[in-house]
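A.B. asks: This is data.cif (mmCIF, C-alpha atoms).
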```cif
data_work
loop_
_atom_site.label_atom_id
_atom_site.label_comp_id
_atom_site.auth_asym_id
_atom_site.auth_seq_id
_atom_site.Cartn_x
_atom_site.Cartn_y
_atom_site.Cartn_z
CA MET A 241 -7.49 -10.25 16.51
CA THR A 242 -8.55 -8.83 19.86
CA ALA A 243 -6.25 -8.17 22.80
CA GLY A 244 -8.02 -10.90 24.75
CA GLN A 245 -6.59 -13.50 22.38
CA VAL A 246 -3.00 -12.59 23.26
CA SER A 247 -2.25 -15.73 25.19
CA ALA A 248 0.69 -15.57 27.57
CA LEU A 249 3.75 -17.59 26.65
CA GLN A 250 5.12 -20.26 28.93
CA HIS A 251 8.15 -18.42 30.21
CA SER A 252 7.71 -14.84 31.23
CA GLU A 253 11.35 -13.97 30.46
CA ASP A 254 10.81 -15.11 26.88
CA GLN A 255 7.79 -12.92 26.69
CA ASP A 256 9.69 -9.88 27.96
CA LEU A 257 12.38 -10.47 25.37
CA ILE A 258 9.85 -10.87 22.58
CA ASP A 259 7.99 -7.76 23.68
CA ARG A 260 11.24 -5.78 23.63
CA ILE A 261 12.22 -7.02 20.17
CA ILE A 262 8.77 -6.19 18.81
CA ALA A 263 8.72 -2.76 20.45
CA ASP A 264 12.11 -1.93 18.90
CA ARG A 265 10.96 -2.65 15.40
CA VAL A 266 7.20 -2.33 15.14
CA GLY A 267 5.93 0.40 12.85
CA HIS A 268 8.80 0.21 10.38
CA PRO A 269 7.96 -1.22 6.96
CA GLY A 270 9.07 -4.84 6.76
CA ALA A 271 9.38 -5.00 10.54
CA LEU A 272 8.10 -8.56 10.62
CA LEU A 273 11.17 -9.98 8.89
CA GLY A 274 13.54 -8.39 11.40
CA ILE A 275 11.41 -9.42 14.35
CA LEU A 276 11.30 -13.05 13.25
CA GLU A 277 15.02 -13.11 12.49
CA GLN A 278 15.94 -11.72 15.90
CA LEU A 279 13.55 -14.07 17.67
CA GLN A 280 15.00 -17.09 15.89
CA ASP A 281 18.58 -16.02 16.62
CA GLY A 282 17.68 -15.66 20.28
CA SER A 283 16.00 -19.05 20.59
CA PRO A 284 18.17 -21.89 21.93
CA HIS A 285 17.30 -24.30 19.12
CA LYS A 286 17.23 -21.63 16.40
CA PHE A 287 13.61 -22.01 15.45
CA LEU A 288 10.25 -20.26 15.66
CA PRO A 289 7.63 -22.24 17.59
CA MET A 290 3.98 -21.80 16.60
CA GLU A 291 3.24 -20.10 19.94
CA THR A 292 5.85 -17.47 19.15
CA LEU A 293 4.34 -16.84 15.71
CA ALA A 294 0.87 -16.51 17.25
CA TYR A 295 2.22 -14.15 19.88
CA VAL A 296 4.02 -11.99 17.31
CA ALA A 297 0.83 -11.80 15.23
CA ALA A 298 -1.25 -10.77 18.22
CA ARG A 299 1.27 -8.19 19.42
CA THR A 300 1.97 -6.58 16.04
CA GLY A 301 -1.56 -6.82 14.66
CA ILE A 302 -0.20 -8.57 11.57
CA PRO A 303 -2.60 -11.36 10.51
CA GLN A 304 -1.48 -14.84 11.57
CA SER A 305 -1.66 -16.10 8.00
CA GLN A 306 0.75 -13.37 6.88
CA VAL A 307 3.21 -14.14 9.69
CA TYR A 308 3.08 -17.80 8.73
CA GLY A 309 3.50 -16.92 5.05
CA VAL A 310 6.67 -14.92 5.74
CA ALA A 311 8.06 -17.57 8.11
CA THR A 312 7.60 -20.30 5.50
CA PHE A 313 8.64 -18.29 2.42
CA PHE A 314 12.19 -17.64 3.59
CA ALA A 315 14.55 -20.63 3.89
CA LEU A 316 16.21 -18.74 6.76
CA PHE A 317 13.37 -19.48 9.15
CA ASN A 318 12.91 -22.86 10.82
CA LEU A 319 9.63 -24.00 12.31
CA ASP A 320 11.25 -27.06 13.94
CA PRO A 321 14.03 -27.19 16.54
CA GLN A 322 17.48 -27.29 14.93
CA GLY A 323 20.40 -29.48 15.95
CA THR A 324 23.49 -28.17 17.74
CA HIS A 325 25.54 -28.86 14.61
CA THR A 326 24.37 -28.10 11.09
CA VAL A 327 25.56 -29.97 8.02
CA ALA A 328 24.39 -28.27 4.83
CA ILE A 329 24.97 -30.25 1.66
CA CYS A 330 24.84 -28.43 -1.65
CA ARG A 331 22.44 -29.95 -4.17
CA GLY A 332 23.19 -27.50 -6.95
CA THR A 333 23.94 -28.78 -10.45
CA ALA A 334 27.74 -28.68 -10.16
CA CYS A 335 27.75 -30.45 -6.79
CA HIS A 336 25.17 -32.94 -8.04
CA THR A 337 27.40 -33.97 -10.94
CA ARG A 338 30.32 -34.30 -8.51
CA GLY A 339 28.35 -36.70 -6.32
CA SER A 340 26.50 -34.70 -3.68
CA ARG A 341 23.59 -37.14 -3.63
CA PRO A 342 25.72 -40.11 -2.42
CA LEU A 343 27.24 -37.73 0.16
CA LEU A 344 23.80 -36.79 1.40
CA GLU A 345 22.68 -40.43 1.51
CA ARG A 346 25.85 -41.42 3.40
CA VAL A 347 25.39 -38.66 6.00
CA LYS A 348 21.74 -39.58 6.48
CA LEU A 349 22.74 -43.21 6.99
CA GLN A 350 25.49 -42.23 9.43
CA LEU A 351 23.12 -40.16 11.55
CA GLY A 352 20.17 -42.52 11.19
CA LEU A 353 17.96 -39.95 9.49
CA GLN A 354 15.03 -40.82 7.29
CA GLU A 355 13.56 -38.59 4.68
CA ARG A 356 9.96 -37.65 5.10
CA SER A 357 7.86 -39.10 2.34
CA ASP A 358 6.69 -35.78 0.86
CA GLY A 359 9.25 -36.21 -1.91
CA ALA A 360 10.44 -32.63 -1.69
CA ASP A 361 13.84 -31.90 -3.16
CA LYS A 362 14.73 -29.60 -0.32
CA ILE A 363 15.18 -31.37 2.98
CA SER A 364 15.96 -30.36 6.54
CA LEU A 365 16.26 -33.24 8.99
CA THR A 366 17.23 -33.19 12.65
CA THR A 367 18.35 -36.15 14.74
CA PRO A 368 16.03 -37.07 17.63
CA ASP A 369 18.76 -36.12 20.14
CA GLN A 370 18.89 -32.68 18.46
CA ARG A 371 22.63 -32.80 17.97
CA PHE A 372 22.68 -32.69 14.17
CA THR A 373 20.61 -31.04 11.49
CA VAL A 374 21.21 -32.09 7.89
CA ARG A 375 19.84 -29.80 5.23
CA THR A 376 20.22 -29.27 1.52
CA VAL A 377 21.09 -25.97 -0.10
CA ALA A 378 20.53 -24.91 -3.70
CA CYS A 379 23.99 -23.41 -4.26
CA PHE A 380 26.79 -21.84 -2.21
CA GLY A 381 28.27 -20.12 -5.24
CA GLN A 382 31.48 -22.15 -4.80
CA CYS A 383 30.94 -24.51 -7.72
CA ALA A 384 34.68 -24.80 -8.45
CA LEU A 385 34.98 -26.54 -5.08
CA ALA A 386 32.17 -29.01 -5.82
CA PRO A 387 30.94 -30.96 -3.99
CA VAL A 388 30.56 -28.37 -1.25
CA VAL A 389 29.39 -29.05 2.29
CA GLU A 390 28.97 -26.45 5.01
CA ILE A 391 29.59 -27.71 8.54
CA ASP A 392 28.66 -25.28 11.29
CA HIS A 393 28.99 -22.32 8.90
CA ALA A 394 32.45 -23.36 7.64
CA ILE A 395 32.59 -24.20 3.93
CA ARG A 396 34.40 -27.38 2.90
CA GLY A 397 35.23 -27.99 -0.74
CA HIS A 398 36.02 -31.17 -2.71
CA VAL A 399 34.35 -33.15 0.03
CA LYS A 400 34.89 -36.91 0.13
CA GLU A 401 32.66 -39.34 1.95
CA GLN A 402 35.36 -40.50 4.38
CA MET A 403 36.39 -36.98 5.28
CA LEU A 404 32.82 -35.90 5.89
CA ILE A 405 32.11 -38.89 8.12
CA ARG A 406 35.31 -38.23 10.09
CA GLU A 407 34.27 -34.64 10.69
CA ILE A 408 30.80 -35.65 11.79
CA GLU A 409 32.14 -38.29 14.16
CA ALA A 410 34.58 -35.75 15.60
CA LEU A 411 31.72 -33.34 16.26
CA ARG A 412 29.68 -36.14 17.77
CA LYS A 413 32.48 -37.06 20.19
CA GLU A 414 33.06 -33.42 21.02
CA SER A 415 29.45 -32.76 21.93
CA ALA A 416 29.23 -36.05 23.84
CA ARG A 417 31.89 -34.83 26.23
CA MET B 191 -7.96 16.47 -12.11
CA THR B 192 -8.34 13.34 -14.18
CA GLU B 193 -6.06 13.41 -17.14
CA LYS B 194 -7.48 11.95 -20.32
CA VAL B 195 -5.29 9.79 -22.47
CA LYS B 196 -5.82 8.09 -25.80
CA VAL B 197 -4.65 4.54 -26.38
CA ARG B 198 -5.00 2.15 -29.25
CA ILE B 199 -6.21 -1.33 -28.40
CA ASP B 200 -6.15 -3.80 -31.26
CA GLY B 201 -6.18 -0.88 -33.69
CA GLU B 202 -9.14 0.93 -32.16
CA VAL B 203 -8.53 4.34 -30.59
CA ILE B 204 -9.98 4.44 -27.08
CA ALA B 205 -10.23 7.34 -24.63
CA ALA B 206 -9.13 6.45 -21.11
CA THR B 207 -8.25 8.09 -17.83
CA ALA B 208 -4.65 8.17 -16.70
CA GLY B 209 -4.15 5.71 -13.85
CA GLN B 210 -6.50 3.10 -15.26
CA THR B 211 -4.90 -0.20 -16.13
CA ILE B 212 -4.89 -1.63 -19.63
CA LEU B 213 -7.26 -4.37 -18.49
CA GLU B 214 -9.76 -1.90 -17.00
CA VAL B 215 -9.78 0.20 -20.15
CA ALA B 216 -10.14 -2.85 -22.39
CA ARG B 217 -12.99 -4.34 -20.38
CA ALA B 218 -14.80 -0.99 -20.11
CA ASN B 219 -14.73 -0.84 -23.90
CA GLY B 220 -15.96 -4.30 -24.58
CA LYS B 221 -12.54 -5.72 -25.41
CA TYR B 222 -11.95 -9.12 -23.91
CA ILE B 223 -8.65 -9.97 -22.25
CA PRO B 224 -8.61 -13.28 -20.32
CA ALA B 225 -7.57 -13.19 -16.66
CA LEU B 226 -7.82 -15.48 -13.65
CA CYS B 227 -6.22 -13.67 -10.71
CA TYR B 228 -7.85 -10.34 -11.58
CA MET B 229 -11.18 -9.53 -9.98
CA GLU B 230 -12.92 -6.19 -10.15
CA GLY B 231 -12.92 -4.62 -6.70
CA LEU B 232 -9.72 -6.31 -5.54
CA SER B 233 -6.15 -5.09 -5.86
CA ALA B 234 -4.35 -6.50 -8.91
CA VAL B 235 -1.34 -8.76 -8.39
CA GLY B 236 -0.45 -9.95 -11.91
CA ALA B 237 -0.03 -13.55 -10.79
CA CYS B 238 -1.77 -15.68 -13.41
CA ARG B 239 -0.04 -14.21 -16.48
CA LEU B 240 -3.10 -14.77 -18.65
CA CYS B 241 -3.76 -11.08 -19.30
CA MET B 242 -0.36 -10.58 -20.93
CA VAL B 243 -0.51 -8.07 -23.80
CA GLN B 244 1.94 -6.72 -26.33
CA VAL B 245 2.70 -3.02 -26.22
CA ALA B 246 4.35 -1.54 -29.31
CA GLY B 247 7.95 -0.60 -28.57
CA VAL B 248 8.21 -2.79 -25.47
CA ALA B 249 10.17 -5.98 -26.03
CA ARG B 250 8.64 -8.02 -23.22
CA LEU B 251 5.00 -8.85 -22.64
CA LEU B 252 3.18 -6.86 -19.99
CA PRO B 253 0.36 -7.95 -17.68
CA ALA B 254 -2.69 -5.85 -18.56
CA CYS B 255 -4.05 -5.94 -15.00
CA THR B 256 -1.11 -4.08 -13.44
CA THR B 257 0.12 -1.90 -16.32
CA PRO B 258 -1.30 1.64 -16.28
CA VAL B 259 -2.27 3.22 -19.59
CA GLN B 260 -0.15 6.01 -21.01
CA GLU B 261 -0.83 8.47 -23.81
CA GLY B 262 -0.35 6.88 -27.20
CA LEU B 263 0.14 3.26 -26.15
CA ALA B 264 -0.53 0.80 -28.96
CA ILE B 265 -1.66 -2.45 -27.41
CA ASP B 266 -2.19 -5.81 -29.06
CA THR B 267 -4.29 -8.25 -27.04
CA THR B 268 -4.88 -11.06 -29.52
CA SER B 269 -1.63 -11.83 -31.39
CA SER B 270 -0.80 -15.46 -32.11
CA GLN B 271 2.24 -15.19 -29.80
CA LEU B 272 -0.05 -14.12 -26.94
CA GLN B 273 -2.49 -16.91 -27.74
CA SER B 274 0.28 -19.48 -27.56
CA TYR B 275 1.68 -18.04 -24.30
CA ARG B 276 -1.76 -18.01 -22.71
CA LYS B 277 -2.26 -21.59 -23.75
CA ILE B 278 1.05 -22.56 -22.14
CA ALA B 279 0.09 -20.72 -18.94
CA LEU B 280 -3.21 -22.61 -18.81
CA GLU B 281 -1.56 -25.95 -19.49
CA LEU B 282 0.98 -25.36 -16.72
CA LEU B 283 -1.83 -24.48 -14.31
CA LEU B 284 -3.61 -27.70 -15.22
CA ALA B 285 -0.43 -29.79 -14.93
CA GLU B 286 0.51 -28.38 -11.52
CA ARG B 287 -2.37 -29.82 -9.47
CA ASN B 288 -5.10 -32.41 -9.86
CA HIS B 289 -7.72 -30.65 -11.95
CA VAL B 290 -10.16 -33.44 -12.64
CA CYS B 291 -13.17 -31.65 -14.14
CA ALA B 292 -15.31 -34.79 -14.35
CA VAL B 293 -15.57 -35.03 -10.55
CA CYS B 294 -15.34 -31.33 -9.66
CA VAL B 295 -18.16 -29.39 -8.02
CA SER B 296 -17.43 -26.41 -10.26
CA SER B 297 -17.37 -28.22 -13.60
CA GLY B 298 -19.30 -26.12 -16.07
CA HIS B 299 -18.96 -22.99 -13.91
CA CYS B 300 -15.18 -22.93 -13.60
CA GLU B 301 -13.14 -20.03 -14.95
CA LEU B 302 -10.07 -22.20 -15.51
CA GLN B 303 -12.13 -24.76 -17.42
CA THR B 304 -13.84 -22.05 -19.49
CA LEU B 305 -10.53 -20.42 -20.41
CA ALA B 306 -8.99 -23.78 -21.29
CA GLN B 307 -11.91 -24.44 -23.63
CA GLU B 308 -11.66 -20.95 -25.14
CA HIS B 309 -7.96 -21.42 -25.81
CA GLY B 310 -8.35 -24.85 -27.34
CA VAL B 311 -6.55 -26.72 -24.57
CA THR B 312 -7.76 -30.19 -25.46
CA TYR B 313 -4.80 -31.88 -23.83
CA VAL B 314 -1.79 -30.85 -21.76
CA ARG B 315 1.64 -31.12 -23.35
CA TYR B 316 3.50 -31.25 -20.03
CA PRO B 317 3.75 -34.16 -17.60
CA TYR B 318 1.26 -33.87 -14.76
CA ASN B 319 2.70 -33.20 -11.33
CA TYR B 320 0.09 -35.28 -9.44
CA PRO B 321 0.84 -33.78 -6.00
CA ARG B 322 -0.63 -35.45 -2.94
CA LEU B 323 -2.91 -32.77 -1.60
CA THR B 324 -5.48 -32.59 1.13
CA VAL B 325 -9.09 -31.48 1.24
CA ASP B 326 -10.00 -29.36 4.25
CA THR B 327 -13.57 -30.15 5.28
CA THR B 328 -13.31 -28.83 8.83
CA HIS B 329 -15.40 -25.72 8.21
CA PRO B 330 -19.10 -26.37 8.88
CA ARG B 331 -20.26 -24.69 5.68
CA TYR B 332 -17.39 -24.66 3.20
CA VAL B 333 -14.70 -26.94 1.78
CA LEU B 334 -11.19 -26.14 0.59
CA ASP B 335 -9.79 -28.55 -1.98
CA HIS B 336 -6.09 -27.88 -2.56
CA ASN B 337 -6.21 -30.12 -5.62
CA ARG B 338 -8.15 -27.43 -7.51
CA CYS B 339 -6.34 -24.36 -6.17
CA ILE B 340 -4.44 -22.30 -8.74
CA LEU B 341 -2.94 -19.89 -6.16
CA CYS B 342 -4.62 -16.88 -7.80
CA SER B 343 -4.96 -15.35 -4.31
CA ARG B 344 -8.43 -13.93 -5.01
CA CYS B 345 -9.64 -15.46 -1.73
CA VAL B 346 -6.65 -13.99 0.13
CA ARG B 347 -7.36 -10.51 -1.19
CA THR B 348 -11.13 -10.79 -0.76
CA CYS B 349 -10.70 -11.77 2.89
CA ALA B 350 -8.03 -9.14 3.60
CA GLU B 351 -9.43 -6.24 1.56
CA ILE B 352 -13.20 -6.70 1.55
CA GLU B 353 -13.94 -8.64 4.74
CA GLY B 354 -10.93 -7.31 6.64
CA ALA B 355 -10.28 -10.62 8.37
CA HIS B 356 -7.18 -11.78 6.44
CA VAL B 357 -7.71 -15.42 7.34
CA TRP B 358 -5.90 -16.64 4.21
CA ASP B 359 -2.39 -16.26 2.92
CA MET B 360 0.20 -18.09 0.86
CA ALA B 361 2.72 -20.24 2.71
CA GLY B 362 5.91 -21.72 1.32
CA ARG B 363 7.33 -20.90 -2.07
CA GLY B 364 7.58 -22.18 -5.60
CA ILE B 365 5.96 -25.51 -6.33
CA ASP B 366 5.39 -26.00 -2.57
CA THR B 367 3.25 -22.88 -2.19
CA ARG B 368 -0.02 -23.61 -0.41
CA LEU B 369 -2.98 -21.57 0.66
CA VAL B 370 -3.14 -21.51 4.47
CA SER B 371 -5.59 -20.20 6.99
CA GLU B 372 -4.01 -18.50 10.01
CA LEU B 373 -1.03 -20.53 11.25
CA LYS B 374 -1.83 -23.47 8.97
CA ARG B 375 -4.81 -24.24 11.14
CA PRO B 376 -7.72 -26.21 9.72
CA TRP B 377 -10.25 -23.76 8.27
CA GLY B 378 -12.86 -24.82 10.81
CA GLU B 379 -10.56 -23.85 13.67
CA ALA B 380 -9.63 -20.44 12.26
CA THR B 381 -10.99 -18.06 14.87
CA SER B 382 -10.60 -14.98 12.67
CA CYS B 383 -12.86 -16.47 9.97
CA THR B 384 -16.29 -14.85 9.98
CA SER B 385 -17.77 -17.57 7.74
CA CYS B 386 -18.96 -14.85 5.36
CA GLY B 387 -18.23 -17.05 2.35
CA LYS B 388 -16.93 -14.29 0.10
CA CYS B 389 -13.68 -16.19 -0.52
CA VAL B 390 -15.79 -19.07 -1.84
CA GLN B 391 -17.61 -16.77 -4.25
CA ALA B 392 -14.32 -15.18 -5.38
CA CYS B 393 -12.63 -18.50 -6.10
CA PRO B 394 -12.40 -19.06 -9.88
CA THR B 395 -12.24 -22.86 -9.62
CA GLY B 396 -13.66 -25.61 -7.46
CA ALA B 397 -10.96 -25.12 -4.80
CA MET B 398 -13.47 -23.43 -2.53
CA ALA B 399 -17.07 -24.53 -2.49
CA GLU B 400 -20.11 -24.62 -0.29
CA LYS B 401 -20.76 -27.96 1.30
CA GLY B 402 -23.68 -29.99 0.02
CA TRP B 403 -23.07 -29.51 -3.68
CA ALA B 404 -22.36 -32.45 -5.92
CA VAL B 405 -20.42 -32.49 -9.18
CA GLU B 406 -21.22 -29.50 -11.42
CA GLU B 407 -23.58 -27.96 -8.86
CA MET B 408 -21.41 -25.28 -7.28
CA THR B 409 -22.34 -22.15 -9.18
CA LYS B 410 -20.76 -19.00 -7.86
CA GLN B 411 -21.91 -15.41 -7.50
CA ARG B 412 -18.72 -13.77 -8.64
CA THR B 413 -20.27 -10.31 -8.79
CA VAL B 414 -20.76 -10.22 -5.01
CA VAL B 415 -17.19 -9.16 -4.28
CA SER B 416 -16.93 -6.57 -7.05
CA ARG B 417 -20.34 -5.10 -6.21
CA LEU B 418 -19.37 -4.62 -2.57
CA THR B 419 -16.37 -2.52 -3.57
CA SER B 420 -18.35 -0.37 -5.97
CA MET B 421 -21.09 0.16 -3.39
CA ARG B 422 -18.55 1.17 -0.75
CA GLU B 423 -16.94 3.62 -3.17
CA GLY B 424 -20.33 5.23 -3.67
CA GLN B 425 -20.64 6.07 0.03
#
```
Would it be possible to restate this file's structure as structure tokens?
C.D. replies:
Amino acid sequence: MTAGQVSALQHSEDQDLIDRIIADRVGHPGALLGILEQLQDGSPHKFLPMETLAYVAARTGIPQSQVYGVATFFALFNLDPQGTHTVAICRGTACHTRGSRPLLERVKLQLGLQERSDGADKISLTTPDQRFTVRTVACFGQCALAPVVEIDHAIRGHVKEQMLIREIEALRKESAR
Amino acid sequence: MTEKVKVRIDGEVIAATAGQTILEVARANGKYIPALCYMEGLSAVGACRLCMVQVAGVARLLPACTTPVQEGLAIDTTSSQLQSYRKIALELLLAERNHVCAVCVSSGHCELQTLAQEHGVTYVRYPYNYPRLTVDTTHPRYVLDHNRCILCSRCVRTCAEIEGAHVWDMAGRGIDTRLVSELKRPWGEATSCTSCGKCVQACPTGAMAEKGWAVEEMTKQRTVVSRLTSMREGQ
């Protein structure tokens, strides 16, 4: 990758920020992980656009394929814009037996989300208005509270359909204001 | 400063150099251990689990390609337990993607096919996964068929270590792991690819092939990659 291929990003402030984050960490082993994490935290929709990945690769000299590999290996990283509110439904065994699939289906119906047809067990769906992201999680380690749902980083146990829908509608009204 | 060690492979005492792996010592002495992800001249990753061997006194099986020899190791490479594990590994590889030998460019020259035949895999005991996978024909000279890829990463290492371009890498994880070029760009649009074709030669199956070959026609020059490393070491 030659320096000539470092294409400028759209917003120069973004680029300054990215340059600073890279400069802080470059040279340390495993720097890429920290760089990507900080970049995602700093992005308004909590995701890593392709241009950012390409820019990081060019700036750090790490091959693009390797950057992409790291960004897709870890569930932490998102390549698509995330919603303002995140609803994470546990699909672990305990939660499954306590009815997490109907919960997931109900939430998807409520928010008008459709699963992509790739048939993957793990899903992450965002509403077109980018207000909600619904994702599945393997296990929260709170199986005694099954079924478990995490809403905006707060864990809810023994979740019932009605209660979950109420919470989502409350969030929807809140963000509509 | 090379320390000599003696190991016993399948009962035969063999002199080796400390630092060599079990697989290197075995192959240098005419002992056959099957392997798919190992290629002479590339770093070893221990991914395919076909070179598993039994070492006396060690409860678990060890991959021969990444385990260095030590003085007095007694290694068994052919036990019936190993044979059955290798067969399972091969069957799982076959079940994971769409390995249809009858319509594959590499049929007859495929390392996976050869090993399956050697290990008596006449059918697969596990349900096939039948994933929907794509074939990347965007490169002017080569094709990448994900249906035949076994994720051995020989192409990844060849490109990164021998060619120095590092076009390829693994994206995703688990059953969703896929070989990608650059940022999941089509191969033909990968600007860092030098079109040297060494990844194609390193590929053990029909996942990577030169265009223009029909079924059974894609023979590979697997020695190209290993020879390059040995020639560079000689410099």
A.B. asks: Skip Thr300 in chain A itself and residues of its chain fewer than 5 positions away, then list as a VMD selection string all residues within 9 Å of it, counting all atoms listed in the file.
C.D. replies: chain A and resid 262 to 263 266 to 267 272 295
A.B. asks: Do a neighbour search on range 296-310 of chain B at 10 Å with all atoms listed in the file, toss out local chain neighbours closer than 6 positions, and write the hits as a ChimeraX atom specification.
C.D. replies: /B:224-226,240,273-274,276-281,283-284,289-290,338,340,393-399,403-410
A.B. asks: Quick one: which residues end up in the PyMOL selection byres ((chain B) within 10 of (chain A)) for this structure, as a ChimeraX atom specification?
C.D. replies: /B:321-322,346,350,355-375,380-382
A.B. asks: Quick one: distance from CA of Ile408 in chain A to CA of Glu277 in chain A in Å, one decimal?
C.D. replies: 27.5 Å
A.B. asks: For Val415 in chain B, work out the shell of residues within 7 Å, counting all atoms listed in the file and skipping chain neighbours fewer than 3 positions away, then give it as a list in words.
C.D. replies: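 Near Val415 in chain B, the qualifying residues are Gly231, Lys388, Ala392, Arg412, Leu418 and Thr419 of chain B.
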A.B. asks: How many Å lie between CA of Ile261 in chain A and CA of Gln322 in chain A, rounded to one decimal?
C.D. replies: 21.6 Å
A.B. asks: Please enumerate the residues selected by the PyMOL selection byres ((chain B and resi 195) around 9) when evaluated against the supplied file, formatted as a list in words.
C.D. replies: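 That selection, the PyMOL selection byres ((chain B and resi 195) around 9), comes back as Glu193, Lys194, Lys196, Val197, Ile204, Ala205, Ala206, Thr207, Ala208, Val259, Gln260, Glu261 and Gly262 of chain B.
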A.B. asks: Since we have the selection now, will you write its residues out, keeping C-alpha atoms, as a PDB file, keeping the file's coordinate frame?
C.D. replies:
```pdb
ATOM      1  CA  GLU B 193      -6.060  13.410 -17.140  1.00  0.00           C
ATOM      2  CA  LYS B 194      -7.480  11.950 -20.320  1.00  0.00           C
ATOM      3  CA  LYS B 196      -5.820   8.090 -25.800  1.00  0.00           C
ATOM      4  CA  VAL B 197      -4.650   4.540 -26.380  1.00  0.00           C
ATOM      5  CA  ILE B 204      -9.980   4.440 -27.080  1.00  0.00           C
ATOM      6  CA  ALA B 205     -10.230   7.340 -24.630  1.00  0.00           C
ATOM      7  CA  ALA B 206      -9.130   6.450 -21.110  1.00  0.00           C
ATOM      8  CA  THR B 207      -8.250   8.090 -17.830  1.00  0.00           C
ATOM      9  CA  ALA B 208      -4.650   8.170 -16.700  1.00  0.00           C
ATOM     10  CA  VAL B 259      -2.270   3.220 -19.590  1.00  0.00           C
ATOM     11  CA  GLN B 260      -0.150   6.010 -21.010  1.00  0.00           C
ATOM     12  CA  GLU B 261      -0.830   8.470 -23.810  1.00  0.00           C
ATOM     13  CA  GLY B 262      -0.350   6.880 -27.200  1.00  0.00           C
TER      14      GLY B 262
END
```
A.B. asks: Record the distance separating CA of Ile395 in chain A and CA of Gly332 in chain A, expressed in Å with one decimal.
C.D. replies: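 Here the two named atoms are 14.8 Å from each other.
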A.B. asks: Would you mind listing what lies within 12 Å of Glu345 in chain A as a ChimeraX atom specification, with only C-alpha atoms counted and same-chain residues fewer than 2 positions away left out?
C.D. replies: /A:329,331,339-343,347-355,363,374-376,401,404-405
A.B. asks: Report, as JSON, the centre and edge lengths in Å (one decimal) of the axis-aligned box enclosing every listed atom of range 269-285 of chain A, padded by 4 Å on each side.
C.D. replies:
```
{"center_x": 13.3, "center_y": -12.8, "center_z": 14.3, "size_x": 18.6, "size_y": 31.1, "size_z": 23.2}
```
A.B. asks: Evaluate the PyMOL selection byres ((chain A and resi 394) around 12) on the structure here and hand back the selected residues as JSON, numbers by chain.
C.D. replies: {"A": [325, 326, 327, 328, 329, 380, 388, 389, 390, 391, 392, 393, 395, 396, 397, 407]}
A.B. asks: What would range 255-267 of chain A look like with N, CA and C atoms in place, written as a compact mmCIF listing (two decimals), in the coordinates of the input?
C.D. replies:
```txt
# COMPACT_ATOMS: atom_id res chain seq x y z
N GLN A 255 8.79 -13.87 27.11
CA GLN A 255 7.79 -12.92 26.69
C GLN A 255 8.33 -11.49 26.77
N ASP A 256 9.08 -11.21 27.83
CA ASP A 256 9.69 -9.88 27.96
C ASP A 256 10.61 -9.60 26.79
N LEU A 257 11.43 -10.61 26.46
CA LEU A 257 12.38 -10.47 25.37
C LEU A 257 11.65 -10.20 24.06
N ILE A 258 10.61 -11.02 23.82
CA ILE A 258 9.85 -10.87 22.58
C ILE A 258 9.19 -9.49 22.53
N ASP A 259 8.63 -9.08 23.63
CA ASP A 259 7.99 -7.76 23.68
C ASP A 259 8.99 -6.66 23.35
N ARG A 260 10.22 -6.80 23.88
CA ARG A 260 11.24 -5.78 23.63
C ARG A 260 11.62 -5.76 22.16
N ILE A 261 11.83 -6.94 21.59
CA ILE A 261 12.22 -7.02 20.17
C ILE A 261 11.13 -6.41 19.28
N ILE A 262 9.88 -6.73 19.61
CA ILE A 262 8.77 -6.19 18.81
C ILE A 262 8.70 -4.67 18.97
N ALA A 263 8.83 -4.20 20.20
CA ALA A 263 8.72 -2.76 20.45
C ALA A 263 9.80 -1.99 19.71
N ASP A 264 11.00 -2.59 19.60
CA ASP A 264 12.11 -1.93 18.90
C ASP A 264 11.82 -1.72 17.43
N ARG A 265 11.06 -2.64 16.84
CA ARG A 265 10.96 -2.65 15.40
C ARG A 265 9.58 -2.32 14.85
N VAL A 266 8.57 -2.46 15.66
CA VAL A 266 7.20 -2.33 15.14
C VAL A 266 6.99 -0.94 14.55
N GLY A 267 6.22 -0.88 13.48
CA GLY A 267 5.93 0.40 12.85
C GLY A 267 6.77 0.67 11.63
```
